[in-house]
Amino acid sequence: MKYLEAIRLALGEALAEDPRVFLYGQDIAGTFGGAFKATKGLTERFPGRVLNAPISEDAMAGLAVGAALEGARPVVEFQFGDFATIAFNQFVNHAATTYWRTGRSVPLVARLPVGGTPGGGPFHCQMPEAWLSHHPGLVVVAPATVADAYFLLKDAIACQDPVMFLEHKYLYYHLEADFDPRRAEHLGLGRAAIRRPGTDCTLISYSGMVHEALKAAEMLSQQHDIEVEVIDLRCLRPLDTETILASIARTGRCVVATEAWPFGGIAAEVLSVVASQGFRWLDAPPVRLCAEDVPVPFHPDLFAAHHPDAERIADLVLETVRF
Amino acid sequence: MKYLEAIRLALGEALAEDPRVFLYGQDIAGTFGGAFKATKGLTERFPGRVLNAPISEDAMAGLAVGAALEGARPVVEFQFGDFATIAFNQFVNHAATTYWRTGRSVPLVARLPVGGTPGGGPFHCQMPEAWLSHHPGLVVVAPATVADAYFLLKDAIACQDPVMFLEHKYLYYHLEADFDPRRAEHLGLGRAAIRRPGTDCTLISYSGMVHEALKAAEMLSQQHDIEVEVIDLRCLRPLDTETILASIARTGRCVVATEAWPFGGIAAEVLSVVASQGFRWLDAPPVRLCAEDVPVPFHPDLFAAHHPDAERIADLVLETVRF
Amino acid sequence: MDTSTRITHLKWMILGRALDDRLAKLKAQGEVPGSVFQGRGQEAYSAAGAMFLKRGDCYAPLIRDTAGRLVFGDFPLEAIRTHIGRRTGRMKGRDGNIHRGDPDLGLLPMISHLGAMISVVNGTLLAKRLTGRLADHVGLVSIGDGAMNTGATHEALNQAAVERLPLVVQVADNQVAYSTFSDRTYACRDLVDRAVGYGMGSLTCDGTDADACLATMHEAIARARCGEGPQMVVAKLLRLAGHGTHDDAAYVTDEMKSRFGDCLQLAERTLKVQGVIDESGIAALWDEARASIQVAVTQALAEPIPVAADEDWCAYSERNLTELRA
Amino acid sequence: MDTSTRITHLKWMILGRALDDRLAKLKAQGEVPGSVFQGRGQEAYSAAGAMFLKRGDCYAPLIRDTAGRLVFGDFPLEAIRTHIGRRTGRMKGRDGNIHRGDPDLGLLPMISHLGAMISVVNGTLLAKRLTGRLADHVGLVSIGDGAMNTGATHEALNQAAVERLPLVVQVADNQVAYSTFSDRTYACRDLVDRAVGYGMGSLTCDGTDADACLATMHEAIARARCGEGPQMVVAKLLRLAGHGTHDDAAYVTDEMKSRFGDCLQLAERTLKVQGVIDESGIAALWDEARASIQVAVTQALAEPIPVAADEDWCAYSERNLTELRA
Ligand SMILES: Cc1ncc(C[n+]2csc(CCOP(=O)(O)OP(=O)(O)O)c2C)c(N)n1
Ligand SMILES: Cc1ncc(C[n+]2csc(CCOP(=O)(O)OP(=O)(O)O)c2C)c(N)n1
Ligand SMILES: [Mg+2]
Ligand SMILES: [Mg+2]
């Protein structure tokens with residue numbers, strides 16, 4: 001099953017299991033089934049519950065807030081996560097604040113296709129998690145595996161709080177795994193996963209970058225006998241600081257690799273937690289490897305240089321281990 | 001001179017010195033002179049160059065981008081920084097990316113009244129710097145003193161890059177200082193200031209929180225003989241990591257205090273820089289004290305508890321020094 | 001409109017005015033930490049909209065809707081509590097003044113960002129429709145001349161039209177947005193000219209004429225109820241107060257003032273002239289309003305303020321999500 | 001319109017079509033990293049707008065404006081470079097395809113967020129006015145039926161009307177926004193009905209009729225030039241391609257196709273029937289277009305790609321600001 005198919009499966013099951021669920025987004029209805037085809041076939045199965053939205057991201061988010069307050073379970077698809085800037089206000093000032101201000105939950109899910117693909121350019125490759133997670137009140141999720149794409153989406157739809165669900169565009173079709181939802185194990189919302197145990201260094205990432213981290217870990221094991229513990233955050237907000245700190249306590253070293261810009265990103269938050277709460281365990285400076293600090297470039301060569309990859313992650317881990 | 005008067009002075013001088021400068025914002029024109037009176041008297045002195053805008057923050061920001069591209073020097077006033085969420089897209093995707101994408105600078109200034117006042121509540125007290133500084137391309141400035149309110153605003157208007165200028169609402173009328181612009185010394189854009197030298201711990205803050213930091217330093221000196229070095233960041237993006245790291249090298253300890261939420265905020269960024277680049281000098285975990293992680297409360301008692309103050313800052317410094 | 005509706009309308013107008021006045025006084029007395037915004041001059045229009053709502057409808061008032069809120073189920077005690085920041089009441093001192101609301105009642109607690117409430121009302125209506133509970137329910141949303149120009153308003157009005165939702169948008173063109181006159185806010189002849197561009201029904205009325213307000217809002221809401229799709233109502237009137245009590249509104253010209261009467265004075269006069277109510281009847285309404293407000297003030301002032309130490313400072317409703325935070 | 005204008009118009013339409021076709025072919029050949037969007041069916045309208053612009057005007061085209069861009073000063077080599085990501089040209093491989101532009105020319109490089117360009121054009125016009133350089137200059141901005149519903153569009157159109165800027169907004173109602181038909185995009189009779197709500201002048205035309213496009217855009221731009229304030233033009237037509245080359249547009253129905261012709265075929269036929277140009281004259285225009293594009297393709301393919309090691313990865317133009325970063 002592909003990552004995208006896992007998302008479609010979760011959407012279909014949620015629609016089938018819970019009559020309160022409906023889907024709303026640009027071009028998601030009918031035979032077209034969305035820019036990335038996540039909702040293909042769902043209109044036929046659930047007529048009237050998969051609705052096309054006008055190009056009005058603010059109103060899409062606002063409608064979801066209202067529907068959630070009214071007891072529905074709206075799942076809103078954005079065509080690209082980059083366009084969530086337009087809905088930023090409804091997300092952080094409305095969805096995120098309502099529970100604290102009024103005691104009423106706002107159970108909505110916003111599905112945001114994020115991350116880079118070569119040739120995507122500055123406005124179709126961004127990672128929005130930094131600005132979606134600063135304000136208190138939103139749950140921010142970023143599945144890296146096929147199983148998580150399925151389970152975390154089901155969890156997100158069941159969650160009482162508003163969830164920003166970040167789907168990596170590159171993984172949609174490029175990530176495939178054997179996966180049986182009735183058998184697979186699954187960690188709940190809010191927990192990080194140790195994707196590969198190790199003793200020499202903790203390597204933290206999420207979303208598409210997890211696969212580069214795993215490649216780096218494999219390279220280091222093969223070439224340098226270094227055993228890296230790879231953590232996939234899964235849920236960025238709230239952050240599973242317990243799992244992170246427990247790992248640092250074992251390894252004494254920390255590298256964070258993300259596809260996002262560095263300044264104030266998730267990597268910065270992780271490093272602050274590690275530095276302030278894990279200081280006593282650290283044998284080397286905790287460091288991060290993020291995207292270059294300019295818009296995401298269009299040309300594939302620039303794009304490749306802009307994004308961290310397994311090699312550069314491995315280099316940084318090596319430097320950290322040898323500190 | 002009051003903080004607000006320093007801003008008005010800078011605006012008046014900029015208008016007088018540079019015919020390309022104009023002001024645009026809600027309720028800033030005429031005898032009214034803005035919600036906080038920053039532009040009072042300027043319409044009379046510069047007719048036609050102080051323009052009222054409709055309640056259209058996205059279009060306000062977009063107009064500024066266009067005017068800047070056309071060679072003007074727009075200074076846009078937002079009524080509250082909280083409403084910059086609406087202009088977020090034009091700021092981060094348009095103003096911030098244009099130079100890198102096209103080689104053309106976008107010299108605009110957005111003046112954002114930020115920060116908490118008791119009774120202001122969840123939508124009139126926010127600190128927007130985290131989400132304005134994550135994307136590359138914006139300069140983010142947050143003056144804490146009367147002199148900086150004046151000099152940094154003049155610098156911002158002269159700057160070739162788009163500047164987000166964060167003015168603290170509480171300081172508008174509550175901060176007053178003897179200040180002669182022709183005599184005062186002044187650090188340029190991009191440099192942090194050491195507001196009080198010290199040897200035992202580096203205490204970093206910006207905007208309104210600098211005054212609590214200075215109070216905390218004074219308390220610690222008087223009561224505990226602890227000499228804290230207080231750094232006022234002044235410019236949040238780019239961050240003056242040189243000054244920060246040099247101070248940490250001297251003191252070996254670091255506390256960051258901000259009025260913003262913790263997650264992925266400026267404090268997180270500073271801690272990451274300090275942990276990753278200043279690790280060898282650290283004798284204690286670098287830590288932060290931020291606002292409580294919920295919307296800014298309306299009631300003054302909750303508001304007071306929500307925001308860090310001198311006492312709590314001092315406690316954390318003490319803990320850090322005694323680590 | 002029948003006599004009892006007109007008298008009820010007057011009663012709500014008076015209660016709204018009296019409550020706003022009392023809130024202003026509480027502000028002057030130092031009891032209110034934040035701002036006080038008043039609906040003075042807009043009571044007739046505001047109350048008229050809410051009067052034709054029923055249980056199960058949704059209402060999103062704005063800063064000038066003290067009267068409409070009261071009609072819909074807000075009450076003086078809750079209004080005062082929220083202004084003075086008591087921990088009793090829905091907002092518990094966490095949010096204040098005109099941000100109060102009660103989602104359980106269908107009274108949406110506004111956020112400050114103008115225009116943001118409309119799509120939220122759309123969402124409540126769409127959710128009702130999808131889950132088979134819409135029946136003849138409607139949503140009513142209030143908006144000012146200034147806020148008509150936010151992108152959020154536009155997206156939401158178009159959205160309501162595309163979904164053919166039973167939304168009534170009640171536009172109060174009170175000549176100013178804070179200090180800014182309409183000529184710097186919009187350039188069309190009348191804001192109602194926007195309705196056709198959304199494909200909405202539309203109505204206008206004199207916002208200072210209580211009977212016109214009643215008839216017009218009655219008609220608009222009836223149309224929405226019977227499936228004619230979203231409706232836009234635009235009334236012209238004048239804000240007879242500052243933007244908030246902190247604002248002396250010196251910028252409002254005498255010419256502007258000369259063009260608009262006070263809806264409440266006008267209503268009292270008309271009803272008296274028509275023999276619907278007499279001087280003492282009106283005085284009784286005022287006495288009753290003031291008395292009930294005085295009771296509420298006394299109680300609210302005696303209620304406890306929030307205690308920081310009791311707060312759990314958690315923005316999530318799913319507590320298990322936060323237990324993980326170190 | 002005079003004969004030479006009509007022939008020039010045809011020439012630009014042909015060049016636009018030929019360039020789009022060549023870009024699609026380059027995409028099929030694997031030379032284009034990103035998407036290719038085409039203006040097929042919209043060339044007459046797009047070119048007509050830009051033809052009445054002059055040096056010093058500002059133009060913000062969108063994804064279907066290959067033709068209009070060429071008229072205004074974009075050229076095939078720049079278009080191809082930007083699509084295939086060469087470091088030559090304005091965008092240096094940093095941004096691609098329809099994001100190209102040249103602010104020095106007044107050709108604004110679009111960002112993807114629909115509606116965002118309009119207020120930027122307003123800004124250029126206001127800046128010109130404030131610094132005394134406006135004279136009779138105008139700004140032209142292109143927008144689709146779908147993008148008319150973004151908040152950004154609304155705020156900017158109202159802003160232009162309030163400032164009475166010489167803005168012409170050229171709406172191409174091509175029946176679809178990606179796969180979404182107009183009935184899920186707007187509910188008014190015609191998008192031109194929005195003009196009155198902004199207080200703008202308005203015009204409509206058949207977007208498949210080249211002469212109508214010329215006459216209408218000429219009139220709209222002339223009105224803006226002589227101080228009549230912003231103008232909205234709405235043309236109906238059909239996108240005769242997928243949203244991008246990746247999209248087979250299977251959702252476009254035969255009924256829709258039967259209602260709209262191909263502006264280019266129609267123009268060729270009309271001009272032939274009227275004896276303005278003959279078959280060989282048209283063939284010559286095509287040959288010329290294809291030849292010039294072939295030269296550009298050959299050159300662009302030979303041009304160097306960007307080199308990551310040469311990048312300074314810095315988003316600030318003030319280099320001193322970044323020197324401080326450790
Ligand atoms: C998006 C946004 N921008 C600015 C403000 C600040 N603000 C609050 S009320 C107001 C004026 C509103 O005018 P109008 O919509 O005409 O309503 P009125 O006050 O006249 O009832 C402004 C500018 C806001 N609340 N939201
Ligand atoms: C704010 C925003 N939301 C979504 C998109 C994705 N998107 C790109 S083009 C398009 C359809 C545009 O339709 P229309 O405005 O009618 O223009 P057309 O493609 O028909 O020329 C969409 C949804 C976008 N670019 N910007
Ligand atoms: Mg108003
Ligand atoms: Mg279209």
# chains A, B, ... in the order shown; residues from 1 in each chain; ligands from 1

call {"tool": "interface_residues", "arguments": {"of": "chain D", "to": "chain A", "cutoff": "9 Å", "atoms": "only C-alpha atoms", "output": "MDAnalysis selection string"}}
result
chainID D and resid 32:35 84:86 92:96 111:114 146:152 177:180 184:186 250:251 305:309 311 313:316

call {"tool": "closest_atom_pairs", "arguments": {"of": "chain A", "to": "chain B", "cutoff": "6 Å", "atoms": "only C-alpha atoms", "output": "tab-separated table"}}
result
residue	atom	partner	partner_atom	distance
A:Thr85	CA	B:Asn89	CA	5.3
A:Asn89	CA	B:Thr85	CA	5.3
A:Trp131	CA	B:Trp131	CA	5.0
A:His134	CA	B:Phe263	CA	5.1
A:Pro136	CA	B:Val294	CA	5.4
A:Phe263	CA	B:His134	CA	5.1
A:Gly264	CA	B:Gly264	CA	4.7
A:Gly265	CA	B:Gly264	CA	5.7
A:Ala268	CA	B:Glu269	CA	5.3
A:Glu269	CA	B:Gly264	CA	5.0
A:Leu271	CA	B:Ser272	CA	5.3
A:Ser272	CA	B:Leu271	CA	5.3
A:Ala275	CA	B:Ala275	CA	6.0
A:Ser276	CA	B:Pro285	CA	4.9
A:Phe279	CA	B:Pro285	CA	5.4
A:Pro285	CA	B:Ser276	CA	4.9
A:Pro286	CA	B:Ser276	CA	5.3
A:Val287	CA	B:Ser276	CA	5.1
A:Asp293	CA	B:Pro136	CA	5.7
A:Val294	CA	B:Pro136	CA	5.4

call {"tool": "interface_residues", "arguments": {"of": "chain C", "to": "chain D", "cutoff": "12 Å", "atoms": "only C-alpha atoms", "output": "compact mmCIF listing (two decimals) with N, CA and C atoms, in the first residue's frame"}}
result
# COMPACT_ATOMS: atom_id res chain seq x y z
N GLY C 115 -14.75 39.82 10.24
CA GLY C 115 -15.15 38.98 9.12
C GLY C 115 -15.00 37.50 9.40
N ALA C 116 -14.27 37.17 10.44
CA ALA C 116 -13.95 35.75 10.71
C ALA C 116 -15.16 34.94 11.14
N GLY C 146 -17.06 48.76 7.83
CA GLY C 146 -15.62 48.57 7.69
C GLY C 146 -15.26 47.11 7.44
N ALA C 147 -15.88 46.23 8.20
CA ALA C 147 -15.55 44.81 8.13
C ALA C 147 -16.03 44.15 6.84
N MET C 148 -16.90 44.84 6.11
CA MET C 148 -17.32 44.30 4.81
C MET C 148 -16.14 44.21 3.84
N ASN C 149 -15.06 44.89 4.16
CA ASN C 149 -13.94 44.93 3.24
C ASN C 149 -12.80 43.98 3.58
N THR C 150 -13.03 43.13 4.56
CA THR C 150 -12.00 42.12 4.84
C THR C 150 -12.17 40.95 3.88
N GLY C 151 -11.07 40.32 3.59
CA GLY C 151 -11.10 39.14 2.73
C GLY C 151 -11.95 38.03 3.32
N ALA C 152 -11.91 37.90 4.63
CA ALA C 152 -12.68 36.85 5.30
C ALA C 152 -14.16 37.00 5.00
N THR C 153 -14.64 38.23 5.04
CA THR C 153 -16.06 38.48 4.76
C THR C 153 -16.41 38.03 3.34
N HIS C 154 -15.58 38.41 2.40
CA HIS C 154 -15.84 38.07 1.00
C HIS C 154 -15.87 36.56 0.78
N GLU C 155 -14.88 35.89 1.26
CA GLU C 155 -14.82 34.44 1.05
C GLU C 155 -16.05 33.77 1.65
N ALA C 156 -16.44 34.24 2.81
CA ALA C 156 -17.56 33.60 3.51
C ALA C 156 -18.90 33.90 2.85
N LEU C 157 -19.08 35.13 2.37
CA LEU C 157 -20.35 35.45 1.72
C LEU C 157 -20.49 34.64 0.43
N ASN C 158 -19.41 34.54 -0.31
CA ASN C 158 -19.45 33.74 -1.53
C ASN C 158 -19.70 32.26 -1.20
N GLN C 159 -19.07 31.82 -0.15
CA GLN C 159 -19.25 30.42 0.27
C GLN C 159 -20.71 30.13 0.62
N ALA C 160 -21.32 31.04 1.34
CA ALA C 160 -22.72 30.86 1.71
C ALA C 160 -23.60 30.81 0.47
N ALA C 161 -23.26 31.65 -0.51
CA ALA C 161 -24.07 31.70 -1.73
C ALA C 161 -23.89 30.41 -2.53
N VAL C 162 -22.67 29.94 -2.64
CA VAL C 162 -22.41 28.71 -3.40
C VAL C 162 -23.12 27.53 -2.75
N GLU C 163 -23.10 27.47 -1.44
CA GLU C 163 -23.76 26.36 -0.73
C GLU C 163 -25.25 26.63 -0.51
N ARG C 164 -25.68 27.80 -0.92
CA ARG C 164 -27.08 28.22 -0.72
C ARG C 164 -27.52 27.98 0.72
N LEU C 165 -26.74 28.52 1.61
CA LEU C 165 -27.02 28.33 3.04
C LEU C 165 -28.03 29.37 3.52
N PHE C 181 -14.19 57.31 7.74
CA PHE C 181 -15.50 57.47 7.10
C PHE C 181 -15.63 56.53 5.93
N SER C 182 -16.87 56.32 5.56
CA SER C 182 -17.18 55.36 4.51
C SER C 182 -16.44 55.63 3.20
N ASP C 183 -16.17 56.88 2.89
CA ASP C 183 -15.54 57.16 1.60
C ASP C 183 -14.10 56.64 1.54
N ARG C 184 -13.53 56.30 2.68
CA ARG C 184 -12.21 55.66 2.69
C ARG C 184 -12.34 54.16 2.95
N THR C 185 -13.57 53.68 2.97
CA THR C 185 -13.81 52.28 3.30
C THR C 185 -14.36 51.53 2.11
N TYR C 186 -15.27 52.19 1.39
CA TYR C 186 -15.80 51.57 0.17
C TYR C 186 -16.17 52.67 -0.82
N ALA C 187 -16.29 52.29 -2.09
CA ALA C 187 -16.55 53.28 -3.13
C ALA C 187 -17.83 52.98 -3.91
N CYS C 188 -18.58 51.99 -3.47
CA CYS C 188 -19.85 51.72 -4.16
C CYS C 188 -20.91 52.67 -3.60
N ARG C 189 -22.02 52.72 -4.29
CA ARG C 189 -23.10 53.62 -3.90
C ARG C 189 -23.64 53.21 -2.53
N ASP C 190 -23.87 51.93 -2.39
CA ASP C 190 -24.45 51.39 -1.15
C ASP C 190 -23.89 49.97 -1.02
N LEU C 191 -23.57 49.58 0.20
CA LEU C 191 -22.99 48.24 0.37
C LEU C 191 -23.93 47.14 -0.10
N VAL C 192 -25.20 47.45 -0.16
CA VAL C 192 -26.15 46.41 -0.60
C VAL C 192 -25.89 46.04 -2.06
N ASP C 193 -25.19 46.89 -2.78
CA ASP C 193 -24.86 46.58 -4.17
C ASP C 193 -23.92 45.38 -4.27
N ARG C 194 -23.40 44.95 -3.15
CA ARG C 194 -22.54 43.76 -3.20
C ARG C 194 -23.35 42.46 -3.27
N ALA C 195 -24.60 42.52 -2.87
CA ALA C 195 -25.39 41.29 -2.78
C ALA C 195 -25.48 40.60 -4.14
N VAL C 196 -25.75 41.39 -5.17
CA VAL C 196 -25.92 40.80 -6.50
C VAL C 196 -24.66 40.08 -6.96
N GLY C 197 -23.51 40.58 -6.56
CA GLY C 197 -22.25 39.97 -6.94
C GLY C 197 -22.00 38.63 -6.27
N TYR C 198 -22.74 38.38 -5.20
CA TYR C 198 -22.65 37.06 -4.57
C TYR C 198 -23.81 36.17 -5.00
N GLY C 199 -24.80 36.78 -5.63
CA GLY C 199 -26.00 36.01 -5.94
C GLY C 199 -26.85 35.79 -4.71
N MET C 200 -26.94 36.82 -3.88
CA MET C 200 -27.74 36.77 -2.64
C MET C 200 -28.96 37.65 -2.79
N GLY C 201 -29.99 37.33 -2.06
CA GLY C 201 -31.09 38.26 -1.92
C GLY C 201 -30.66 39.46 -1.10
N GLY C 229 -32.16 30.93 0.15
CA GLY C 229 -30.71 31.15 0.13
C GLY C 229 -30.31 32.36 0.95
N PRO C 230 -29.02 32.67 0.95
CA PRO C 230 -28.52 33.73 1.82
C PRO C 230 -29.08 35.10 1.46

call {"tool": "residues_around", "arguments": {"residues": "D:Arg133", "least_positions_apart": "4", "cutoff": "12 Å", "atoms": "only C-alpha atoms", "output": "PyMOL selection string"}}
result
(chain B and resi 20+70-72) or (chain D and resi 56-57+124-129+137-138)

call {"tool": "write_last_selection", "arguments": {"atoms": "C-alpha atoms", "output": "PDB file, in the first residue's frame"}}
result
ATOM      1  CA  ARG B  20       9.537  58.413  -1.145  1.00  0.00           C
ATOM      2  CA  GLU B  70       8.008  50.920  -7.525  1.00  0.00           C
ATOM      3  CA  GLY B  71      10.653  52.786  -5.535  1.00  0.00           C
ATOM      4  CA  ALA B  72       8.552  54.193  -2.709  1.00  0.00           C
TER       5      ALA B  72
ATOM      6  CA  GLY D  56       5.754  52.532 -17.587  1.00  0.00           C
ATOM      7  CA  ASP D  57       2.492  50.655 -17.103  1.00  0.00           C
ATOM      8  CA  THR D 124       2.853  50.377  -7.826  1.00  0.00           C
ATOM      9  CA  LEU D 125       0.123  52.765  -8.995  1.00  0.00           C
ATOM     10  CA  LEU D 126      -0.181  54.515  -5.665  1.00  0.00           C
ATOM     11  CA  ALA D 127       3.594  54.902  -5.464  1.00  0.00           C
ATOM     12  CA  LYS D 128       3.632  56.436  -8.917  1.00  0.00           C
ATOM     13  CA  ARG D 129       0.876  58.825  -7.933  1.00  0.00           C
ATOM     14  CA  HIS D 137      -0.205  55.120 -16.563  1.00  0.00           C
ATOM     15  CA  VAL D 138      -2.345  52.137 -15.678  1.00  0.00           C
TER      16      VAL D 138
END

call {"tool": "residues_near_ligand", "arguments": {"ligand": "ligand 3", "cutoff": "7 Å", "atoms": "only C-alpha atoms and all ligand atoms", "output": "MDAnalysis selection string"}}
result
chainID C and resid 144:146 172:178

call {"tool": "select_by_dssp", "arguments": {"residues": "stretch 223-305 of chain B", "states": "helix (DSSP H, G or I)", "output": "PyMOL selection string"}}
result
chain B and resi 223-224+241-251+266-277+279-281+300-305

call {"tool": "write_last_selection", "arguments": {"atoms": "C-alpha atoms", "output": "PDB file, in the first residue's frame"}}
result
ATOM      1  CA  GLN B 223      20.169  40.559  47.168  1.00  0.00           C
ATOM      2  CA  HIS B 224      22.606  37.874  46.022  1.00  0.00           C
ATOM      3  CA  THR B 241      24.619  35.388  17.519  1.00  0.00           C
ATOM      4  CA  GLU B 242      28.083  36.909  17.808  1.00  0.00           C
ATOM      5  CA  THR B 243      27.139  39.108  20.754  1.00  0.00           C
ATOM      6  CA  ILE B 244      25.137  36.311  22.350  1.00  0.00           C
ATOM      7  CA  LEU B 245      27.919  33.731  22.085  1.00  0.00           C
ATOM      8  CA  ALA B 246      30.610  36.133  23.219  1.00  0.00           C
ATOM      9  CA  SER B 247      28.596  36.805  26.348  1.00  0.00           C
ATOM     10  CA  ILE B 248      27.999  33.115  27.022  1.00  0.00           C
ATOM     11  CA  ALA B 249      31.746  32.549  26.628  1.00  0.00           C
ATOM     12  CA  ARG B 250      32.243  35.025  29.482  1.00  0.00           C
ATOM     13  CA  THR B 251      29.434  33.925  31.790  1.00  0.00           C
ATOM     14  CA  ILE B 266      12.695  33.379  19.605  1.00  0.00           C
ATOM     15  CA  ALA B 267      13.720  31.879  22.943  1.00  0.00           C
ATOM     16  CA  ALA B 268      13.840  28.432  21.339  1.00  0.00           C
ATOM     17  CA  GLU B 269      15.990  29.781  18.520  1.00  0.00           C
ATOM     18  CA  VAL B 270      18.380  31.487  20.924  1.00  0.00           C
ATOM     19  CA  LEU B 271      18.678  28.364  23.056  1.00  0.00           C
ATOM     20  CA  SER B 272      19.430  26.239  20.005  1.00  0.00           C
ATOM     21  CA  VAL B 273      22.167  28.594  18.903  1.00  0.00           C
ATOM     22  CA  VAL B 274      23.600  28.713  22.393  1.00  0.00           C
ATOM     23  CA  ALA B 275      23.422  24.940  22.859  1.00  0.00           C
ATOM     24  CA  SER B 276      24.850  24.028  19.485  1.00  0.00           C
ATOM     25  CA  GLN B 277      27.457  26.746  19.132  1.00  0.00           C
ATOM     26  CA  PHE B 279      28.148  24.214  24.268  1.00  0.00           C
ATOM     27  CA  ARG B 280      31.792  24.219  25.331  1.00  0.00           C
ATOM     28  CA  TRP B 281      31.277  27.319  27.470  1.00  0.00           C
ATOM     29  CA  PRO B 300      -5.310  41.182  34.959  1.00  0.00           C
ATOM     30  CA  ASP B 301      -4.514  38.559  37.599  1.00  0.00           C
ATOM     31  CA  LEU B 302      -4.400  35.796  35.013  1.00  0.00           C
ATOM     32  CA  PHE B 303      -2.503  38.105  32.699  1.00  0.00           C
ATOM     33  CA  ALA B 304       0.111  38.762  35.367  1.00  0.00           C
ATOM     34  CA  ALA B 305       0.549  35.050  35.961  1.00  0.00           C
TER      35      ALA B 305
END

call {"tool": "select_by_dssp", "arguments": {"residues": "stretch 35-265 of chain C", "states": "strand (DSSP E)", "output": "ChimeraX atom specification"}}
result
/C:58-60,139-144,167-173,176-177,180-181,201-206,231-236

call {"tool": "residues_around", "arguments": {"residues": "B:Arg73", "least_positions_apart": "6", "cutoff": "7 Å", "atoms": "only C-alpha atoms", "output": "PyMOL selection string"}}
result
chain B and resi 20-22+107-108+157

call {"tool": "write_last_selection", "arguments": {"atoms": "N, CA and C atoms", "output": "CSV table (one decimal), in the first residue's frame"}}
result
chain,number,residue,atom,x,y,z
B,20,ARG,N,10.1,59.7,-0.8
B,20,ARG,CA,9.5,58.4,-1.1
B,20,ARG,C,8.7,57.8,0.0
B,21,VAL,N,8.9,58.3,1.2
B,21,VAL,CA,8.2,57.7,2.3
B,21,VAL,C,6.7,58.1,2.4
B,22,PHE,N,5.9,57.2,2.6
B,22,PHE,CA,4.5,57.5,3.0
B,22,PHE,C,3.9,56.5,4.0
B,107,PRO,N,11.8,47.3,0.0
B,107,PRO,CA,12.0,48.0,1.2
B,107,PRO,C,10.7,48.6,1.8
B,108,LEU,N,10.0,47.7,2.6
B,108,LEU,CA,8.8,48.2,3.3
B,108,LEU,C,9.0,48.1,4.8
B,157,ILE,N,13.3,52.1,8.0
B,157,ILE,CA,12.8,52.8,6.8
B,157,ILE,C,13.9,52.9,5.8

call {"tool": "atom_distance", "arguments": {"atom1": "atom CA of C:Ala215", "atom2": "atom CA of C:Glu268"}}
result
17.3 Å

call {"tool": "residues_around", "arguments": {"residues": "D:Asp211", "least_positions_apart": "6", "cutoff": "9 Å", "atoms": "only C-alpha atoms", "output": "ChimeraX atom specification"}}
result
/D:1,6,44,48,267

call {"tool": "write_last_selection", "arguments": {"atoms": "N, CA and C atoms", "output": "PDB file, in the first residue's frame"}}
result
ATOM      1  N   MET D   1     -11.117  48.040 -34.718  1.00  0.00           N
ATOM      2  CA  MET D   1      -9.644  48.139 -34.687  1.00  0.00           C
ATOM      3  C   MET D   1      -9.080  48.155 -36.108  1.00  0.00           C
ATOM      4  N   ARG D   6      -5.054  44.386 -35.734  1.00  0.00           N
ATOM      5  CA  ARG D   6      -5.643  43.043 -35.753  1.00  0.00           C
ATOM      6  C   ARG D   6      -4.603  41.998 -36.159  1.00  0.00           C
ATOM      7  N   ALA D  44      -6.503  35.237 -27.307  1.00  0.00           N
ATOM      8  CA  ALA D  44      -7.071  36.469 -27.848  1.00  0.00           C
ATOM      9  C   ALA D  44      -7.288  37.485 -26.736  1.00  0.00           C
ATOM     10  N   ALA D  48      -4.920  40.773 -25.997  1.00  0.00           N
ATOM     11  CA  ALA D  48      -5.634  42.041 -26.199  1.00  0.00           C
ATOM     12  C   ALA D  48      -5.397  42.999 -25.033  1.00  0.00           C
ATOM     13  N   ALA D 267     -10.217  33.559 -35.029  1.00  0.00           N
ATOM     14  CA  ALA D 267      -9.587  34.799 -35.507  1.00  0.00           C
ATOM     15  C   ALA D 267      -9.001  34.599 -36.894  1.00  0.00           C
TER      16      ALA D 267
END

call {"tool": "atom_distance", "arguments": {"atom1": "atom CA of B:Tyr170", "atom2": "atom CA of B:Leu153"}}
result
17.6 Å
